[in-house]
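With TSV, C-alpha atoms inside, this is entry_10.tsv:
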chain	number	residue	atom	x	y	z
A	1	MET	CA	44.00	31.96	-60.30
A	2	LYS	CA	43.54	33.63	-63.70
A	3	ASN	CA	42.44	36.89	-62.08
A	4	ARG	CA	45.68	37.32	-60.10
A	5	ARG	CA	47.34	40.48	-61.39
A	6	VAL	CA	51.09	41.08	-61.32
A	7	VAL	CA	52.72	44.46	-60.74
A	8	VAL	CA	56.21	45.95	-60.53
A	9	THR	CA	57.04	47.48	-57.14
A	10	GLY	CA	60.84	47.90	-57.18
A	11	MET	CA	63.64	48.40	-59.69
A	12	GLY	CA	67.43	48.61	-59.77
A	13	ALA	CA	69.91	49.27	-62.58
A	14	LEU	CA	73.63	49.32	-63.34
A	15	THR	CA	74.04	50.33	-66.98
A	16	PRO	CA	76.51	51.95	-69.37
A	17	ILE	CA	74.60	55.23	-68.96
A	18	GLY	CA	73.87	55.21	-65.24
A	19	ASN	CA	74.39	53.31	-62.00
A	20	SER	CA	70.97	54.04	-60.56
A	21	ILE	CA	67.40	54.12	-61.83
A	22	ASN	CA	67.29	57.93	-61.82
A	23	GLU	CA	70.62	58.38	-63.60
A	24	PHE	CA	69.76	55.69	-66.15
A	25	TRP	CA	66.40	57.31	-66.91
A	26	GLN	CA	67.73	60.86	-67.20
A	27	ASN	CA	70.44	59.81	-69.65
A	28	LEU	CA	67.91	57.85	-71.71
A	29	VAL	CA	65.71	60.93	-72.01
A	30	ASP	CA	68.74	63.09	-72.86
A	31	GLY	CA	69.86	60.66	-75.57
A	32	LYS	CA	73.29	59.97	-74.08
A	33	SER	CA	75.49	57.26	-75.59
A	34	GLY	CA	77.31	54.86	-73.27
A	35	ALA	CA	79.83	53.76	-75.90
A	36	ASP	CA	83.51	54.53	-75.51
A	37	LYS	CA	86.96	53.00	-75.81
A	38	ILE	CA	87.34	49.74	-73.88
A	39	THR	CA	89.05	50.10	-70.50
A	40	LEU	CA	88.51	46.61	-69.06
A	41	PHE	CA	91.27	45.07	-71.21
A	42	ASP	CA	93.71	46.06	-73.96
A	43	ALA	CA	91.64	45.90	-77.16
A	44	ALA	CA	94.38	47.18	-79.50
A	45	LYS	CA	94.57	43.93	-81.47
A	46	PHE	CA	90.82	43.58	-81.99
A	47	LYS	CA	88.68	44.80	-84.90
A	48	THR	CA	86.37	46.50	-82.40
A	49	LYS	CA	88.07	48.61	-79.75
A	50	PHE	CA	85.01	50.08	-77.98
A	51	ALA	CA	82.01	48.93	-75.98
A	52	CYS	CA	79.34	50.14	-73.57
A	53	GLU	CA	80.93	49.51	-70.18
A	54	VAL	CA	79.43	50.24	-66.76
A	55	LYS	CA	81.35	53.31	-65.61
A	56	GLY	CA	82.94	53.72	-62.19
A	57	PHE	CA	81.82	50.37	-60.83
A	58	GLN	CA	83.99	48.94	-58.06
A	59	ALA	CA	82.49	45.85	-56.45
A	60	GLU	CA	84.15	46.66	-53.12
A	61	ASP	CA	82.05	49.83	-52.90
A	62	TYR	CA	78.97	47.62	-52.54
A	63	LEU	CA	80.17	44.20	-51.38
A	64	ASP	CA	82.57	42.82	-48.80
A	65	ARG	CA	86.01	42.53	-50.42
A	66	LYS	CA	86.30	38.82	-49.66
A	67	GLU	CA	82.82	38.18	-51.07
A	68	ALA	CA	83.52	40.24	-54.18
A	69	ARG	CA	86.65	38.18	-55.01
A	70	ARG	CA	84.53	35.02	-55.04
A	71	LEU	CA	82.11	36.41	-57.63
A	72	ASP	CA	82.41	36.98	-61.35
A	73	ARG	CA	81.56	40.52	-62.46
A	74	PHE	CA	78.16	39.43	-63.83
A	75	CYS	CA	77.21	38.16	-60.36
A	76	GLN	CA	78.58	41.24	-58.60
A	77	LEU	CA	76.34	43.40	-60.80
A	78	ALA	CA	73.37	41.14	-60.07
A	79	LEU	CA	73.73	41.41	-56.29
A	80	VAL	CA	73.97	45.19	-56.41
A	81	VAL	CA	70.87	45.73	-58.57
A	82	ALA	CA	68.88	43.17	-56.57
A	83	ASP	CA	69.64	45.17	-53.44
A	84	GLN	CA	68.65	48.40	-55.20
A	85	ALA	CA	65.33	46.88	-56.29
A	86	LEU	CA	64.52	45.41	-52.90
A	87	THR	CA	65.35	48.69	-51.20
A	88	ASP	CA	63.18	50.56	-53.70
A	89	SER	CA	60.27	48.16	-53.14
A	90	LYS	CA	60.55	48.25	-49.32
A	91	LEU	CA	59.62	44.56	-49.41
A	92	LEU	CA	62.20	43.58	-46.79
A	93	SER	CA	60.85	46.10	-44.28
A	94	SER	CA	57.33	44.69	-44.57
A	95	SER	CA	55.73	41.44	-43.45
A	96	PHE	CA	55.96	38.89	-46.26
A	97	ASN	CA	56.27	35.14	-46.69
A	98	LYS	CA	59.82	34.24	-47.71
A	99	GLU	CA	58.69	30.75	-48.75
A	100	ARG	CA	56.42	32.34	-51.35
A	101	THR	CA	59.07	34.76	-52.59
A	102	GLY	CA	61.51	33.55	-55.22
A	103	VAL	CA	64.38	34.59	-57.47
A	104	ILE	CA	64.56	33.91	-61.20
A	105	TRP	CA	67.53	35.46	-62.97
A	106	GLY	CA	68.68	35.66	-66.57
A	107	SER	CA	72.14	35.58	-68.11
A	108	GLY	CA	72.94	34.46	-71.62
A	109	ILE	CA	76.60	33.60	-71.04
A	110	GLY	CA	77.47	33.79	-67.34
A	111	GLY	CA	81.00	34.08	-65.97
A	112	LEU	CA	82.95	34.52	-69.19
A	113	THR	CA	85.65	36.69	-67.61
A	114	THR	CA	86.33	34.06	-64.95
A	115	MET	CA	86.42	31.37	-67.63
A	116	LEU	CA	89.05	33.35	-69.52
A	117	GLN	CA	91.17	34.09	-66.43
A	118	GLU	CA	91.10	30.53	-65.12
A	119	THR	CA	91.89	29.05	-68.54
A	120	LYS	CA	94.92	31.31	-68.84
A	121	SER	CA	96.01	30.32	-65.34
A	122	PHE	CA	95.56	26.62	-66.07
A	123	ILE	CA	97.56	26.77	-69.30
A	124	ASN	CA	100.39	28.64	-67.60
A	125	SER	CA	100.47	26.56	-64.42
A	126	GLY	CA	103.04	24.02	-65.62
A	127	GLU	CA	103.30	20.46	-64.29
A	128	SER	CA	100.97	21.02	-61.33
A	129	PRO	CA	97.86	22.62	-62.82
A	130	ARG	CA	95.64	24.33	-60.29
A	131	LEU	CA	92.26	26.01	-60.52
A	132	ASN	CA	90.51	28.38	-58.14
A	133	PRO	CA	88.10	26.40	-55.90
A	134	PHE	CA	85.44	28.99	-56.75
A	135	PHE	CA	85.96	28.52	-60.50
A	136	ILE	CA	82.77	26.55	-61.16
A	137	PRO	CA	80.49	28.55	-58.81
A	138	LYS	CA	81.78	31.76	-60.42
A	139	ILE	CA	80.98	30.81	-64.02
A	140	ILE	CA	77.60	29.07	-63.88
A	141	SER	CA	74.69	31.18	-65.11
A	142	ASP	CA	72.36	30.29	-62.24
A	143	ILE	CA	74.63	31.51	-59.47
A	144	PRO	CA	73.22	35.07	-59.12
A	145	ALA	CA	69.80	33.60	-58.28
A	146	GLY	CA	71.41	31.43	-55.64
A	147	HIS	CA	73.40	34.28	-54.08
A	148	ILE	CA	70.38	36.61	-54.00
A	149	SER	CA	68.18	33.99	-52.35
A	150	ILE	CA	70.84	33.15	-49.75
A	151	LYS	CA	71.49	36.80	-48.91
A	152	TYR	CA	67.82	37.57	-48.25
A	153	GLY	CA	66.51	34.15	-47.21
A	154	LEU	CA	64.11	33.89	-50.15
A	155	LYS	CA	62.93	30.27	-50.34
A	156	GLY	CA	60.55	30.28	-53.31
A	157	PRO	CA	61.40	29.05	-56.85
A	158	ASN	CA	65.04	29.74	-57.60
A	159	TYR	CA	66.84	29.27	-60.91
A	160	SER	CA	68.22	30.91	-64.02
A	161	ALA	CA	66.64	31.40	-67.44
A	162	VAL	CA	69.04	31.08	-70.37
A	163	SER	CA	67.79	32.06	-73.82
A	164	ALA	CA	70.66	34.16	-75.15
A	165	CYS	CA	69.63	37.82	-75.49
A	166	ALA	CA	66.07	37.04	-74.37
A	167	SER	CA	67.25	35.59	-71.03
A	168	ALA	CA	66.21	38.41	-68.69
A	169	SER	CA	62.81	38.70	-70.39
A	170	ASN	CA	62.35	34.94	-70.03
A	171	ALA	CA	63.23	35.25	-66.33
A	172	ILE	CA	60.63	38.00	-65.83
A	173	ILE	CA	58.00	36.02	-67.74
A	174	ASN	CA	58.68	32.86	-65.75
A	175	ALA	CA	58.40	34.76	-62.47
A	176	PHE	CA	55.19	36.40	-63.69
A	177	ASN	CA	53.68	32.98	-64.46
A	178	TYR	CA	54.49	31.58	-60.99
A	179	ILE	CA	52.63	34.51	-59.41
A	180	LYS	CA	49.80	34.40	-61.93
A	181	LEU	CA	49.22	30.70	-61.27
A	182	GLY	CA	49.19	31.20	-57.50
A	183	PHE	CA	52.42	29.38	-56.61
A	184	SER	CA	54.21	32.52	-55.37
A	185	ASP	CA	53.47	36.04	-54.17
A	186	ALA	CA	56.64	37.92	-55.15
A	187	PHE	CA	59.92	37.62	-57.03
A	188	VAL	CA	63.24	39.31	-57.51
A	189	THR	CA	63.89	38.92	-61.21
A	190	GLY	CA	65.95	40.42	-64.01
A	191	GLY	CA	69.32	39.74	-65.55
A	192	SER	CA	73.02	40.56	-65.69
A	193	GLU	CA	75.86	40.18	-68.17
A	194	ALA	CA	79.55	41.10	-68.19
A	195	CYS	CA	81.23	39.94	-71.40
A	196	VAL	CA	83.36	42.95	-72.32
A	197	ASN	CA	86.56	40.92	-72.45
A	198	GLU	CA	88.82	39.32	-75.03
A	199	LEU	CA	86.49	36.38	-75.61
A	200	GLY	CA	83.35	38.49	-75.81
A	201	ILE	CA	84.72	41.06	-78.24
A	202	GLY	CA	86.78	38.52	-80.18
A	203	GLY	CA	83.93	36.04	-80.46
A	204	PHE	CA	81.40	38.55	-81.76
A	205	ASN	CA	84.05	40.03	-84.07
A	206	ALA	CA	84.56	36.55	-85.53
A	207	MET	CA	80.83	36.47	-86.32
A	208	MET	CA	81.10	39.95	-87.89
A	209	ALA	CA	78.28	40.99	-85.56
A	210	LEU	CA	79.90	44.07	-83.95
A	211	SER	CA	80.25	47.59	-85.26
A	212	THR	CA	83.83	48.52	-86.08
A	213	ARG	CA	83.25	52.28	-86.04
A	214	ASN	CA	86.37	52.82	-83.92
A	215	ASP	CA	86.76	56.44	-85.02
A	216	ASP	CA	83.39	57.43	-83.56
A	217	PRO	CA	82.15	54.95	-80.94
A	218	LYS	CA	79.34	57.14	-79.59
A	219	THR	CA	77.52	57.02	-82.93
A	220	ALA	CA	78.24	53.35	-83.60
A	221	SER	CA	74.94	51.96	-82.31
A	222	ARG	CA	72.53	53.36	-84.89
A	223	PRO	CA	69.36	51.29	-85.28
A	224	PHE	CA	67.41	51.88	-88.51
A	225	ASP	CA	70.23	53.95	-90.01
A	226	LEU	CA	71.36	53.08	-93.54
A	227	ASP	CA	75.00	52.94	-92.46
A	228	ARG	CA	74.61	50.72	-89.39
A	229	ASP	CA	77.31	48.05	-89.31
A	230	GLY	CA	76.53	45.90	-86.29
A	231	PHE	CA	75.73	46.15	-82.60
A	232	VAL	CA	77.81	47.57	-79.76
A	233	LEU	CA	78.54	45.14	-76.94
A	234	GLY	CA	77.34	46.32	-73.54
A	235	GLU	CA	77.40	45.09	-69.96
A	236	GLY	CA	75.27	45.70	-66.90
A	237	ALA	CA	72.29	44.49	-64.92
A	238	GLY	CA	68.68	45.26	-64.13
A	239	ALA	CA	66.40	43.94	-61.38
A	240	LEU	CA	62.68	44.13	-60.78
A	241	VAL	CA	60.62	43.21	-57.74
A	242	ILE	CA	57.28	41.94	-59.00
A	243	GLU	CA	54.28	41.03	-56.82
A	244	GLU	CA	50.68	39.92	-56.92
A	245	LEU	CA	48.59	43.11	-56.91
A	246	GLU	CA	46.69	42.49	-53.67
A	247	HIS	CA	49.92	41.44	-51.94
A	248	ALA	CA	51.48	44.75	-52.97
A	249	LYS	CA	48.44	46.83	-52.02
A	250	LYS	CA	48.16	45.15	-48.62
A	251	ARG	CA	51.61	46.34	-47.62
A	252	GLY	CA	51.12	49.80	-49.18
A	253	ALA	CA	53.73	49.30	-51.88
A	254	LYS	CA	54.49	51.85	-54.57
A	255	ILE	CA	53.37	50.41	-57.94
A	256	TYR	CA	55.17	51.37	-61.15
A	257	ALA	CA	53.14	49.40	-63.69
A	258	GLU	CA	51.30	46.15	-64.31
A	259	ILE	CA	52.65	43.23	-66.32
A	260	ALA	CA	49.51	42.71	-68.36
A	261	GLY	CA	50.59	40.09	-70.89
A	262	VAL	CA	53.54	37.99	-72.03
A	263	GLY	CA	54.55	36.09	-75.12
A	264	LEU	CA	57.22	33.56	-76.06
A	265	SER	CA	57.97	32.11	-79.51
A	266	ALA	CA	60.67	30.63	-81.73
A	267	ASP	CA	61.70	31.68	-85.22
A	268	ALA	CA	62.62	28.06	-86.08
A	269	HIS	CA	64.71	29.56	-88.86
A	270	HIS	CA	68.44	30.11	-88.18
A	271	ILE	CA	70.85	30.06	-85.25
A	272	THR	CA	71.77	33.75	-85.49
A	273	ALA	CA	69.68	35.44	-88.19
A	274	PRO	CA	66.06	36.47	-87.64
A	275	HIS	CA	63.29	35.28	-89.91
A	276	PRO	CA	63.44	37.81	-92.78
A	277	GLU	CA	59.74	38.62	-92.49
A	278	GLY	CA	59.81	38.67	-88.70
A	279	GLU	CA	57.39	35.76	-88.29
A	280	GLY	CA	58.52	34.85	-84.76
A	281	ALA	CA	58.53	38.51	-83.70
A	282	ARG	CA	55.02	38.97	-85.06
A	283	LYS	CA	53.74	35.93	-83.18
A	284	VAL	CA	55.34	36.85	-79.87
A	285	MET	CA	53.86	40.37	-79.88
A	286	ARG	CA	50.45	39.03	-80.87
A	287	ASP	CA	50.57	36.47	-78.08
A	288	ALA	CA	51.51	39.08	-75.45
A	289	VAL	CA	48.58	41.29	-76.46
A	290	ASN	CA	46.20	38.31	-76.62
A	291	TYR	CA	47.33	37.11	-73.18
A	292	ALA	CA	46.30	40.47	-71.75
A	293	GLY	CA	42.93	40.27	-73.47
A	294	ALA	CA	43.75	43.59	-75.13
A	295	ASP	CA	43.23	44.94	-78.62
A	296	LEU	CA	46.16	45.70	-80.92
A	297	SER	CA	44.93	49.29	-81.15
A	298	GLU	CA	45.68	49.75	-77.42
A	299	ILE	CA	49.46	49.61	-77.89
A	300	ASP	CA	50.99	53.10	-77.66
A	301	TYR	CA	54.71	52.30	-77.60
A	302	ILE	CA	57.11	49.46	-78.44
A	303	ASN	CA	60.61	49.31	-77.00
A	304	VAL	CA	62.04	47.24	-79.84
A	305	HIS	CA	64.93	44.78	-79.79
A	306	GLY	CA	66.59	47.15	-82.32
A	307	THR	CA	70.21	46.04	-82.11
A	308	SER	CA	71.57	48.07	-85.06
A	309	THR	CA	72.17	45.05	-87.27
A	310	PRO	CA	71.31	45.11	-91.00
A	311	LEU	CA	68.92	42.14	-90.86
A	312	GLY	CA	67.40	42.39	-87.41
A	313	ASP	CA	66.13	45.97	-87.49
A	314	VAL	CA	64.24	45.54	-90.76
A	315	ALA	CA	62.73	42.17	-89.80
A	316	GLU	CA	61.33	43.50	-86.52
A	317	LEU	CA	59.75	46.53	-88.16
A	318	LYS	CA	58.23	44.29	-90.83
A	319	ALA	CA	56.68	42.24	-88.03
A	320	ILE	CA	55.21	45.36	-86.42
A	321	GLU	CA	53.72	46.57	-89.71
A	322	SER	CA	52.35	43.14	-90.51
A	323	LEU	CA	50.73	42.68	-87.10
A	324	PHE	CA	49.42	46.16	-86.38
A	325	GLY	CA	48.52	47.25	-89.90
A	326	LYS	CA	47.58	50.95	-90.12
A	327	HIS	CA	47.84	51.28	-86.33
A	328	SER	CA	51.60	50.64	-86.64
A	329	GLN	CA	51.98	54.26	-87.80
A	330	LYS	CA	50.38	55.50	-84.57
A	331	ILE	CA	52.73	53.54	-82.30
A	332	ASN	CA	55.89	55.19	-81.00
A	333	ILE	CA	58.87	52.92	-81.57
A	334	SER	CA	62.35	53.31	-80.13
A	335	SER	CA	65.51	51.35	-79.41
A	336	THR	CA	67.29	52.08	-76.14
A	337	LYS	CA	70.20	49.97	-77.43
A	338	SER	CA	71.18	53.02	-79.45
A	339	MET	CA	72.33	54.41	-76.07
A	340	THR	CA	73.14	51.40	-73.88
A	341	GLY	CA	74.53	49.05	-76.48
A	342	HIS	CA	73.43	45.43	-76.38
A	343	LEU	CA	73.56	43.91	-72.89
A	344	LEU	CA	72.93	40.39	-74.22
A	345	GLY	CA	71.19	38.35	-71.50
A	346	ALA	CA	70.57	41.46	-69.38
A	347	ALA	CA	68.94	43.46	-72.19
A	348	GLY	CA	65.37	42.47	-71.33
A	349	ALA	CA	65.77	43.69	-67.75
A	350	ILE	CA	67.06	47.19	-68.42
A	351	GLU	CA	64.76	47.61	-71.42
A	352	SER	CA	61.75	46.54	-69.33
A	353	ILE	CA	62.77	49.17	-66.79
A	354	ALA	CA	63.05	51.77	-69.56
A	355	THR	CA	59.60	50.81	-70.85
A	356	ILE	CA	58.05	51.01	-67.38
A	357	LEU	CA	59.59	54.45	-66.79
A	358	SER	CA	58.31	55.62	-70.17
A	359	ILE	CA	54.79	54.70	-69.04
A	360	LYS	CA	55.27	56.28	-65.62
A	361	ASN	CA	56.76	59.54	-66.95
A	362	SER	CA	54.79	59.83	-70.22
A	363	ILE	CA	57.99	60.11	-72.27
A	364	VAL	CA	59.19	57.99	-75.19
A	365	THR	CA	62.99	57.79	-75.09
A	366	PRO	CA	64.72	58.34	-78.44
A	367	THR	CA	66.51	56.19	-80.94
A	368	ILE	CA	69.72	58.19	-81.23
A	369	ASN	CA	72.35	58.21	-83.98
A	370	ASN	CA	69.94	58.18	-86.90
A	371	PHE	CA	71.49	60.24	-89.67
A	372	ASN	CA	70.11	58.59	-92.81
A	373	LEU	CA	67.06	56.35	-92.49
A	374	ASP	CA	67.42	53.02	-94.26
A	375	PRO	CA	65.18	53.21	-97.37
A	376	ALA	CA	64.07	49.63	-96.65
A	377	ILE	CA	62.22	51.05	-93.62
A	378	ASN	CA	58.81	52.74	-93.89
A	379	ASN	CA	59.40	56.39	-93.01
A	380	ASN	CA	55.77	56.70	-91.87
A	381	LEU	CA	56.63	54.71	-88.74
A	382	GLN	CA	57.15	56.78	-85.59
A	383	LEU	CA	60.72	55.72	-84.81
A	384	THR	CA	61.24	58.57	-82.29
A	385	LEU	CA	64.51	59.51	-83.94
A	386	ASN	CA	67.19	61.40	-82.00
A	387	VAL	CA	64.89	63.33	-79.62
A	388	ALA	CA	62.62	62.11	-76.80
A	389	GLN	CA	58.90	62.68	-77.24
A	390	GLU	CA	56.19	63.36	-74.69
A	391	ARG	CA	53.24	60.99	-74.93
A	392	ASP	CA	50.62	59.56	-72.61
A	393	ILE	CA	51.48	55.86	-72.69
A	394	LYS	CA	48.89	53.53	-71.28
A	395	THR	CA	50.19	50.28	-72.76
A	396	ALA	CA	53.58	49.29	-74.16
A	397	LEU	CA	55.46	46.25	-75.41
A	398	CYS	CA	59.11	45.39	-74.73
A	399	ASN	CA	60.70	42.99	-77.24
A	400	THR	CA	63.86	40.90	-76.86
A	401	PHE	CA	65.13	38.27	-79.30
A	402	GLY	CA	68.04	35.85	-78.90
A	403	PHE	CA	70.40	33.69	-80.95
A	404	GLY	CA	68.71	30.36	-81.54
A	405	GLY	CA	65.52	32.13	-82.58
A	406	HIS	CA	64.23	32.80	-79.05
A	407	ASN	CA	61.65	35.61	-78.87
A	408	ALA	CA	60.08	37.23	-75.81
A	409	SER	CA	57.65	40.13	-75.50
A	410	ILE	CA	56.26	41.68	-72.33
A	411	MET	CA	53.24	43.98	-72.25
A	412	PHE	CA	53.29	46.62	-69.51
A	413	SER	CA	50.29	48.78	-68.63
A	414	LYS	CA	49.64	51.87	-66.56
A	415	ILE	CA	47.80	51.12	-63.32
Just give me the structure of the file as structure tokens.
Amino acid sequence: MKNRRVVVTGMGALTPIGNSINEFWQNLVDGKSGADKITLFDAAKFKTKFACEVKGFQAEDYLDRKEARRLDRFCQLALVVADQALTDSKLLSSSFNKERTGVIWGSGIGGLTTMLQETKSFINSGESPRLNPFFIPKIISDIPAGHISIKYGLKGPNYSAVSACASASNAIINAFNYIKLGFSDAFVTGGSEACVNELGIGGFNAMMALSTRNDDPKTASRPFDLDRDGFVLGEGAGALVIEELEHAKKRGAKIYAEIAGVGLSADAHHITAPHPEGEGARKVMRDAVNYAGADLSEIDYINVHGTSTPLGDVAELKAIESLFGKHSQKINISSTKSMTGHLLGAAGAIESIATILSIKNSIVTPTINNFNLDPAINNNLQLTLNVAQERDIKTALCNTFGFGGHNASIMFSKI
């Protein structure tokens, strides 16, 4: 079972900088920011009045109107990207075993918009309080996995991974392990999140976690910059079809990259702050490389968690320097959150896609909005600031970390 290799054969994306894989990738390479004034609700009373929304998304353009009304936005996004990924993979047009094909999905929060709407309705309903019969199915985090499996008849393992901002990465890792151990042949996996609403913005404002650069939203997400003041909330979804290598080759599938190694760890330090020396981040990257049986010197690129928070950015870079030593200065590092904002539980999905496309296209996407490098950061690190860089990437890591101290790292390799 140990020799079973796992590869990526399909991808789909709805992001603040593109509603398809090609559009998403082109805007990453071009260094385009997805941040702008909030349109999904009136944010006038909030400290932060901007976010990274998915632009031009109307669920009815993709889903039956009746079906769309029964789904929270985070589930609508999930169904669309799952369909994109399955179409891209051509899995459904081939002969495959649906009982050995599963769905594992990630969402850190779930149906927060529905929760807000139904709570308002309940409070205002007077002496005969009523709730929508779809209230509970719309809010629970596992429901995208259920809907995807029902739509396509996929009868393998089916559930949701919830580990805050590491949720989608956890989902991918769990699916990888089922295939690696021989229990399944293929999975639809990834994550979705849609929390740009009063509770999402207000809640993160209360934690003082969000940037309040209302006068210039497009430069607000600025990882590694001295003047960073918090992350920019984003929404969206990403899906991957992953398969056992021989299963993919047998049906003549296109292969983007191999998932070569994975790591999971806990900071065991604080509910929201990272370990100051990045101990959990160091361990999770080391474990991913060790799982693959690779050497640290083989890593060419790291798509970092890089949220644009004062503590998090420095801690992660300390972990990289501590683990990789002198080789850390030869690794390209970049944060796609500088463009997409932070998609919370969906971050690991779209950032895995970005990492895979970097390998496929031999391009490191930039960390935009860096005007004045934080002096606490070693300027000998290759942070790929502001402009994309061409590089032959054979092996890369994608890091995601979540509140509660959850850390996940996935190692992708060229195949």
Spatial neighbours of A:Arg286, max dist 12 Å, all atoms listed in the file, sep filter under 4 positions, as an MDAnalysis selection string: chainID A and resid 261:265 279:282 290:297 299 319:320 322:324 397 399 407:411
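Using all atoms listed in the file, the smallest distance between any of A:Asn174, A:Thr9, A:Thr400, A:Ser328 and A:Asp313 comes from A:Thr400.
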Pick out the residues sitting within 12 Å of A:Glu316, and hand them over as a compact mmCIF listing (two decimals) with C-alpha atoms, keeping the file's coordinate frame; count only C-alpha atoms, and ignore anything fewer than 3 positions along from it in its own chain.
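Output contents, as saved in result15.txt:
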# COMPACT_ATOMS: atom_id res chain seq x y z
CA PRO A 223 69.36 51.29 -85.28
CA PHE A 224 67.41 51.88 -88.51
CA ASP A 267 61.70 31.68 -85.22
CA ALA A 273 69.68 35.44 -88.19
CA PRO A 274 66.06 36.47 -87.64
CA HIS A 275 63.29 35.28 -89.91
CA PRO A 276 63.44 37.81 -92.78
CA GLU A 277 59.74 38.62 -92.49
CA GLY A 278 59.81 38.67 -88.70
CA GLU A 279 57.39 35.76 -88.29
CA GLY A 280 58.52 34.85 -84.76
CA ALA A 281 58.53 38.51 -83.70
CA ARG A 282 55.02 38.97 -85.06
CA LYS A 283 53.74 35.93 -83.18
CA VAL A 284 55.34 36.85 -79.87
CA MET A 285 53.86 40.37 -79.88
CA ILE A 302 57.11 49.46 -78.44
CA ASN A 303 60.61 49.31 -77.00
CA VAL A 304 62.04 47.24 -79.84
CA HIS A 305 64.93 44.78 -79.79
CA GLY A 306 66.59 47.15 -82.32
CA THR A 307 70.21 46.04 -82.11
CA SER A 308 71.57 48.07 -85.06
CA THR A 309 72.17 45.05 -87.27
CA PRO A 310 71.31 45.11 -91.00
CA LEU A 311 68.92 42.14 -90.86
CA GLY A 312 67.40 42.39 -87.41
CA ASP A 313 66.13 45.97 -87.49
CA ALA A 319 56.68 42.24 -88.03
CA ILE A 320 55.21 45.36 -86.42
CA GLU A 321 53.72 46.57 -89.71
CA SER A 322 52.35 43.14 -90.51
CA LEU A 323 50.73 42.68 -87.10
CA ILE A 333 58.87 52.92 -81.57
CA SER A 334 62.35 53.31 -80.13
CA SER A 335 65.51 51.35 -79.41
CA ILE A 377 62.22 51.05 -93.62
CA ASN A 399 60.70 42.99 -77.24
CA THR A 400 63.86 40.90 -76.86
CA PHE A 401 65.13 38.27 -79.30
CA ASN A 407 61.65 35.61 -78.87
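Residues in contact range of A:Lys47, defined as at most 10 Å between all atoms listed in the file, with sequence neighbours fewer than 2 positions away removed, read Ala43, Ala44, Lys45, Lys49, Phe50, Ile201, Gly202, Asn205, Ala206, Met208, Leu210, Ser211, Thr212, Arg213 and Asn214 of chain A.
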Cut-off 10 Å: closest stretch 206-283 of chain A/stretch 90-96 of chain A atom pairs per residue, using only C-alpha atoms, as CSV:
residue,atom,partner,partner_atom,distance
A:Val241,CA,A:Leu91,CA,8.5
A:Glu243,CA,A:Leu91,CA,9.8
A:His247,CA,A:Phe96,CA,8.7
A:Ala248,CA,A:Leu91,CA,8.9
A:Lys250,CA,A:Ser95,CA,9.9
A:Arg251,CA,A:Ser94,CA,6.7
A:Gly252,CA,A:Ser94,CA,9.3
A:Ala253,CA,A:Lys90,CA,7.4
A:Lys254,CA,A:Lys90,CA,8.8
Kindly indicate which residue among A:Asn177, A:Ser184, A:Asn97, A:Thr340 lies nearest to A:Val54, using all atoms listed in the file for the distances.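 Going through A:Asn177, A:Ser184, A:Asn97, A:Thr340 one by one, the smallest distance to A:Val54 is for A:Thr340.
Across the structure, atom CA of A:Lys360 and atom CA of A:Ala396 are spaced 11.2 Å apart.
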May I ask for the distance between atom CA of A:Phe24 and atom CA of A:Asp42, given in Å to one decimal place?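 We find that atom CA of A:Phe24 and atom CA of A:Asp42 lie 27.0 Å from each other.
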Please report the interatomic distance between atom CA of A:Ile143 and atom CA of A:Gln76 in Å with one decimal.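 Interatomic distance, atom CA of A:Ile143 to atom CA of A:Gln76: 10.5 Å.
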Excluding A:Glu53 and its own-chain neighbours fewer than 2 positions away, which residues fall within 12 Å of it when counting only C-alpha atoms? Please give them as a ChimeraX atom specification. /A:14-19,33-41,49-51,55-57,73,193-197,232-237,339-343
Nearest residue to A:Asp185 out of A:Leu86, A:Ala78, A:Ala13, A:Ile242, using all atoms listed in the file? A:Ile242
Which residues come within 7 Å of stretch 158-161 of chain A, counting only C-alpha atoms, excluding same-chain residues fewer than 6 positions away, as an NGL selection string? :A and (102-107 or 141-142 or 145-146 or 167 or 170-171)
Selected residues written out, C-alpha atoms, as a short mmCIF file (atom, residue, chain, number, x, y, z; two decimals), keeping the file's coordinate frame:
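What ended up in part_14.cif:
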data_model
loop_
_atom_site.label_atom_id
_atom_site.label_comp_id
_atom_site.auth_asym_id
_atom_site.auth_seq_id
_atom_site.Cartn_x
_atom_site.Cartn_y
_atom_site.Cartn_z
CA GLY A 102 61.51 33.55 -55.22
CA VAL A 103 64.38 34.59 -57.47
CA ILE A 104 64.56 33.91 -61.20
CA TRP A 105 67.53 35.46 -62.97
CA GLY A 106 68.68 35.66 -66.57
CA SER A 107 72.14 35.58 -68.11
CA SER A 141 74.69 31.18 -65.11
CA ASP A 142 72.36 30.29 -62.24
CA ALA A 145 69.80 33.60 -58.28
CA GLY A 146 71.41 31.43 -55.64
CA SER A 167 67.25 35.59 -71.03
CA ASN A 170 62.35 34.94 -70.03
CA ALA A 171 63.23 35.25 -66.33
#
Using only C-alpha atoms, pick whichever of A:Asp374, A:Asp83, A:Glu351, A:Ile368 has the shortest atom-to-atom distance to A:Val387. A:Ile368
Padding of 3 Å on every side, edges along x, y and z, all listed atoms of stretch 21-26 of chain A included: what centre and edge lengths in Å, to one decimal, does that box have, as lines of an AutoDock Vina configuration file?
center_x = 68.5
center_y = 57.5
center_z = -64.5
size_x = 10.2
size_y = 12.7
size_z = 11.4
Please write as number ranges by chain the list of polymer residues whose atoms come within 8 Å of (55.3, 54.0, -75.5), counting all atoms listed in the file and keeping to the coordinates of the file. A: 299-303, 331-333, 355, 358-359, 362-364, 391-397
Given the choices A:Asn378, A:Met115, A:Asn361, A:Glu244, which gets closest to A:Asn22 if the distance is worked out from only C-alpha atoms?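 Counting only C-alpha atoms, the residue closest to A:Asn22 is A:Asn361.
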